[in-house]
Amino acid sequence: GAVIYQQLEDHSVIDCIYWACITTTTIGYGDMVPKTSLGKMFAIFFCTVCTLLVGQVLGSIVQIPLDLRRERMERKIQEQLGDDLQEDELVALAAEVRRLGFGAAGAGVTRAEFAVAMLVSIGKLEEVDVQKALKTFDKLDIEKDGVLDMKDLVHR
């Protein structure tokens, strides 16, 4: 930006670098302003692009601690069970799976149910999406046996 501004406004290189920095950071002291029409048109373009770029950079910087927090939460949830499963943990997990709309009361937890419950608990999957998928499954399960198979296709 500074090089183009120098060509259009005929200022020193250091003044143009100063203008570009002050403009990019949106400080804009007003001590250097474009005088030519081409300089003004370039400044409009430059300010717009720089504002968007600075916003994007700041957004990325702000996202870093949020991503780190999310990753910590994911690790914590995934490590909760460790390498073994206690009876109370299984009961709690089964209750969560039932609350999500899976399986029969009192039954264990299947591999798929476990995966869905873990994905919901770490925020990788929204509960509302699980409910929509289950509703679609229920519509397709003509036999109402909890399994999609050829029998469901034949009875359509």
# chains A, B, ... in the order shown; residues from 1 in each chain; ligands from 1
>>> residues_around(residues="A:Gly28", least_positions_apart="4", cutoff="12 Å", atoms="only C-alpha atoms", output="PyMOL selection string")
chain A and resi 18-24+32-33+43+47
>>> write_last_selection(atoms="C-alpha atoms", output="short mmCIF file (atom, residue, chain, number, x, y, z; two decimals), in the first residue's frame")
data_model
loop_
_atom_site.label_atom_id
_atom_site.label_comp_id
_atom_site.auth_asym_id
_atom_site.auth_seq_id
_atom_site.Cartn_x
_atom_site.Cartn_y
_atom_site.Cartn_z
CA TYR A 18 3.72 5.74 8.21
CA TRP A 19 0.44 6.52 6.36
CA ALA A 20 -0.11 2.85 5.53
CA CYS A 21 0.47 1.77 9.15
CA ILE A 22 -1.72 4.47 10.65
CA THR A 23 -4.45 3.78 8.09
CA THR A 24 -4.26 -0.02 8.43
CA MET A 32 -1.51 12.81 6.11
CA VAL A 33 -4.44 12.64 3.77
CA ALA A 43 -7.26 5.20 -0.05
CA CYS A 47 -8.94 1.31 3.87
#
>>> residues_around(residues="stretch 110-115 of chain A", least_positions_apart="3", cutoff="10 Å", atoms="only C-alpha atoms", output="PDB file with all heavy atoms, in the first residue's frame")
ATOM      1  N   LEU A  93     -24.228 -43.024  31.616  1.00  0.00           N
ATOM      2  CA  LEU A  93     -24.081 -43.014  30.160  1.00  0.00           C
ATOM      3  C   LEU A  93     -25.344 -43.549  29.492  1.00  0.00           C
ATOM      4  O   LEU A  93     -25.844 -42.973  28.524  1.00  0.00           O
ATOM      5  CB  LEU A  93     -22.862 -43.839  29.745  1.00  0.00           C
ATOM      6  CG  LEU A  93     -22.536 -43.883  28.264  1.00  0.00           C
ATOM      7  CD1 LEU A  93     -22.281 -42.489  27.709  1.00  0.00           C
ATOM      8  CD2 LEU A  93     -21.337 -44.775  28.019  1.00  0.00           C
ATOM      9  N   ALA A  94     -25.880 -44.638  30.034  1.00  0.00           N
ATOM     10  CA  ALA A  94     -27.116 -45.221  29.476  1.00  0.00           C
ATOM     11  C   ALA A  94     -28.272 -44.234  29.598  1.00  0.00           C
ATOM     12  O   ALA A  94     -29.084 -44.095  28.679  1.00  0.00           O
ATOM     13  CB  ALA A  94     -27.439 -46.536  30.173  1.00  0.00           C
ATOM     14  N   GLU A  96     -28.046 -40.967  29.628  1.00  0.00           N
ATOM     15  CA  GLU A  96     -27.825 -39.917  28.629  1.00  0.00           C
ATOM     16  C   GLU A  96     -28.218 -40.409  27.242  1.00  0.00           C
ATOM     17  O   GLU A  96     -28.847 -39.691  26.466  1.00  0.00           O
ATOM     18  CB  GLU A  96     -26.357 -39.463  28.650  1.00  0.00           C
ATOM     19  CG  GLU A  96     -25.996 -38.446  27.587  1.00  0.00           C
ATOM     20  CD  GLU A  96     -26.724 -37.117  27.734  1.00  0.00           C
ATOM     21  OE1 GLU A  96     -27.362 -36.865  28.770  1.00  0.00           O
ATOM     22  OE2 GLU A  96     -26.651 -36.319  26.782  1.00  0.00           O
ATOM     23  N   VAL A  97     -27.876 -41.636  26.927  1.00  0.00           N
ATOM     24  CA  VAL A  97     -28.224 -42.223  25.630  1.00  0.00           C
ATOM     25  C   VAL A  97     -29.743 -42.294  25.485  1.00  0.00           C
ATOM     26  O   VAL A  97     -30.292 -41.966  24.436  1.00  0.00           O
ATOM     27  CB  VAL A  97     -27.563 -43.613  25.474  1.00  0.00           C
ATOM     28  CG1 VAL A  97     -28.170 -44.382  24.328  1.00  0.00           C
ATOM     29  CG2 VAL A  97     -26.068 -43.451  25.276  1.00  0.00           C
ATOM     30  N   ARG A  98     -30.440 -42.696  26.540  1.00  0.00           N
ATOM     31  CA  ARG A  98     -31.916 -42.769  26.492  1.00  0.00           C
ATOM     32  C   ARG A  98     -32.508 -41.373  26.331  1.00  0.00           C
ATOM     33  O   ARG A  98     -33.476 -41.180  25.612  1.00  0.00           O
ATOM     34  CB  ARG A  98     -32.481 -43.423  27.760  1.00  0.00           C
ATOM     35  CG  ARG A  98     -32.031 -44.821  28.060  1.00  0.00           C
ATOM     36  CD  ARG A  98     -32.202 -45.828  26.901  1.00  0.00           C
ATOM     37  NE  ARG A  98     -31.298 -46.941  27.117  1.00  0.00           N
ATOM     38  CZ  ARG A  98     -30.250 -47.220  26.359  1.00  0.00           C
ATOM     39  NH1 ARG A  98     -29.982 -46.511  25.295  1.00  0.00           N
ATOM     40  NH2 ARG A  98     -29.461 -48.232  26.613  1.00  0.00           N
ATOM     41  N   LEU A 100     -31.243 -38.957  24.804  1.00  0.00           N
ATOM     42  CA  LEU A 100     -31.052 -38.559  23.409  1.00  0.00           C
ATOM     43  C   LEU A 100     -32.028 -39.262  22.471  1.00  0.00           C
ATOM     44  O   LEU A 100     -32.145 -38.896  21.311  1.00  0.00           O
ATOM     45  CB  LEU A 100     -29.613 -38.847  22.965  1.00  0.00           C
ATOM     46  CG  LEU A 100     -28.539 -37.953  23.575  1.00  0.00           C
ATOM     47  CD1 LEU A 100     -27.150 -38.484  23.237  1.00  0.00           C
ATOM     48  CD2 LEU A 100     -28.690 -36.524  23.106  1.00  0.00           C
ATOM     49  N   GLY A 101     -32.710 -40.286  22.980  1.00  0.00           N
ATOM     50  CA  GLY A 101     -33.721 -40.970  22.173  1.00  0.00           C
ATOM     51  C   GLY A 101     -33.289 -42.297  21.610  1.00  0.00           C
ATOM     52  O   GLY A 101     -33.906 -42.811  20.678  1.00  0.00           O
ATOM     53  N   PHE A 102     -32.236 -42.897  22.159  1.00  0.00           N
ATOM     54  CA  PHE A 102     -31.747 -44.185  21.684  1.00  0.00           C
ATOM     55  C   PHE A 102     -32.186 -45.313  22.597  1.00  0.00           C
ATOM     56  O   PHE A 102     -32.390 -45.115  23.789  1.00  0.00           O
ATOM     57  CB  PHE A 102     -30.207 -44.209  21.650  1.00  0.00           C
ATOM     58  CG  PHE A 102     -29.613 -43.377  20.575  1.00  0.00           C
ATOM     59  CD1 PHE A 102     -29.021 -42.177  20.876  1.00  0.00           C
ATOM     60  CD2 PHE A 102     -29.627 -43.792  19.258  1.00  0.00           C
ATOM     61  CE1 PHE A 102     -28.450 -41.400  19.898  1.00  0.00           C
ATOM     62  CE2 PHE A 102     -29.058 -43.028  18.264  1.00  0.00           C
ATOM     63  CZ  PHE A 102     -28.473 -41.826  18.586  1.00  0.00           C
ATOM     64  N   GLY A 103     -32.240 -46.506  22.011  1.00  0.00           N
ATOM     65  CA  GLY A 103     -32.346 -47.757  22.762  1.00  0.00           C
ATOM     66  C   GLY A 103     -33.526 -47.879  23.701  1.00  0.00           C
ATOM     67  O   GLY A 103     -34.367 -47.020  23.826  1.00  0.00           O
ATOM     68  N   ALA A 107     -31.399 -51.166  29.030  1.00  0.00           N
ATOM     69  CA  ALA A 107     -30.454 -51.892  28.180  1.00  0.00           C
ATOM     70  C   ALA A 107     -29.077 -51.250  28.289  1.00  0.00           C
ATOM     71  O   ALA A 107     -28.924 -50.152  28.804  1.00  0.00           O
ATOM     72  CB  ALA A 107     -30.934 -51.865  26.728  1.00  0.00           C
ATOM     73  N   MET A 118     -20.893 -39.328  23.163  1.00  0.00           N
ATOM     74  CA  MET A 118     -19.617 -38.640  23.348  1.00  0.00           C
ATOM     75  C   MET A 118     -19.524 -37.415  22.438  1.00  0.00           C
ATOM     76  O   MET A 118     -19.082 -36.347  22.861  1.00  0.00           O
ATOM     77  CB  MET A 118     -18.435 -39.575  23.061  1.00  0.00           C
ATOM     78  CG  MET A 118     -18.199 -40.637  24.109  1.00  0.00           C
ATOM     79  SD  MET A 118     -17.623 -39.942  25.667  1.00  0.00           S
ATOM     80  CE  MET A 118     -19.065 -40.111  26.683  1.00  0.00           C
ATOM     81  N   LEU A 119     -19.958 -37.550  21.183  1.00  0.00           N
ATOM     82  CA  LEU A 119     -19.907 -36.423  20.249  1.00  0.00           C
ATOM     83  C   LEU A 119     -20.813 -35.277  20.703  1.00  0.00           C
ATOM     84  O   LEU A 119     -20.457 -34.104  20.573  1.00  0.00           O
ATOM     85  CB  LEU A 119     -20.279 -36.879  18.839  1.00  0.00           C
ATOM     86  CG  LEU A 119     -19.248 -37.777  18.154  1.00  0.00           C
ATOM     87  CD1 LEU A 119     -19.815 -38.355  16.866  1.00  0.00           C
ATOM     88  CD2 LEU A 119     -17.966 -37.019  17.884  1.00  0.00           C
ATOM     89  N   VAL A 120     -21.979 -35.610  21.257  1.00  0.00           N
ATOM     90  CA  VAL A 120     -22.869 -34.576  21.779  1.00  0.00           C
ATOM     91  C   VAL A 120     -22.240 -33.920  23.006  1.00  0.00           C
ATOM     92  O   VAL A 120     -22.242 -32.697  23.136  1.00  0.00           O
ATOM     93  CB  VAL A 120     -24.266 -35.160  22.121  1.00  0.00           C
ATOM     94  CG1 VAL A 120     -25.091 -34.161  22.916  1.00  0.00           C
ATOM     95  CG2 VAL A 120     -24.999 -35.557  20.848  1.00  0.00           C
ATOM     96  N   SER A 121     -21.645 -34.717  23.880  1.00  0.00           N
ATOM     97  CA  SER A 121     -21.095 -34.165  25.121  1.00  0.00           C
ATOM     98  C   SER A 121     -19.903 -33.250  24.875  1.00  0.00           C
ATOM     99  O   SER A 121     -19.672 -32.318  25.647  1.00  0.00           O
ATOM    100  CB  SER A 121     -20.724 -35.279  26.098  1.00  0.00           C
ATOM    101  OG  SER A 121     -19.635 -36.028  25.609  1.00  0.00           O
TER     102      SER A 121
END
>>> atom_distance(atom1="atom CA of A:Lys40", atom2="atom CA of A:Val3")
14.8 Å
>>> select_by_dssp(residues="chain A", states="helix (DSSP H, G or I)", output="PyMOL selection string")
chain A and resi 2-9+13-24+37-80+87-99+111-121+127-140+150-154
>>> atom_distance(atom1="atom CA of A:Gly55", atom2="atom CA of A:Asp10")
29.4 Å
>>> atom_distance(atom1="atom CA of A:Gly146", atom2="atom CA of A:Ala133")
13.2 Å
>>> closest_residue(among="A:Gly1, A:Leu68, A:Val91, A:Val130", to="A:Val49", atoms="only C-alpha atoms")
A:Gly1
>>> closest_residue(among="A:Ala95, A:Ile14, A:Lys132, A:Ile122", to="A:Glu74", atoms="only C-alpha atoms")
A:Ile122
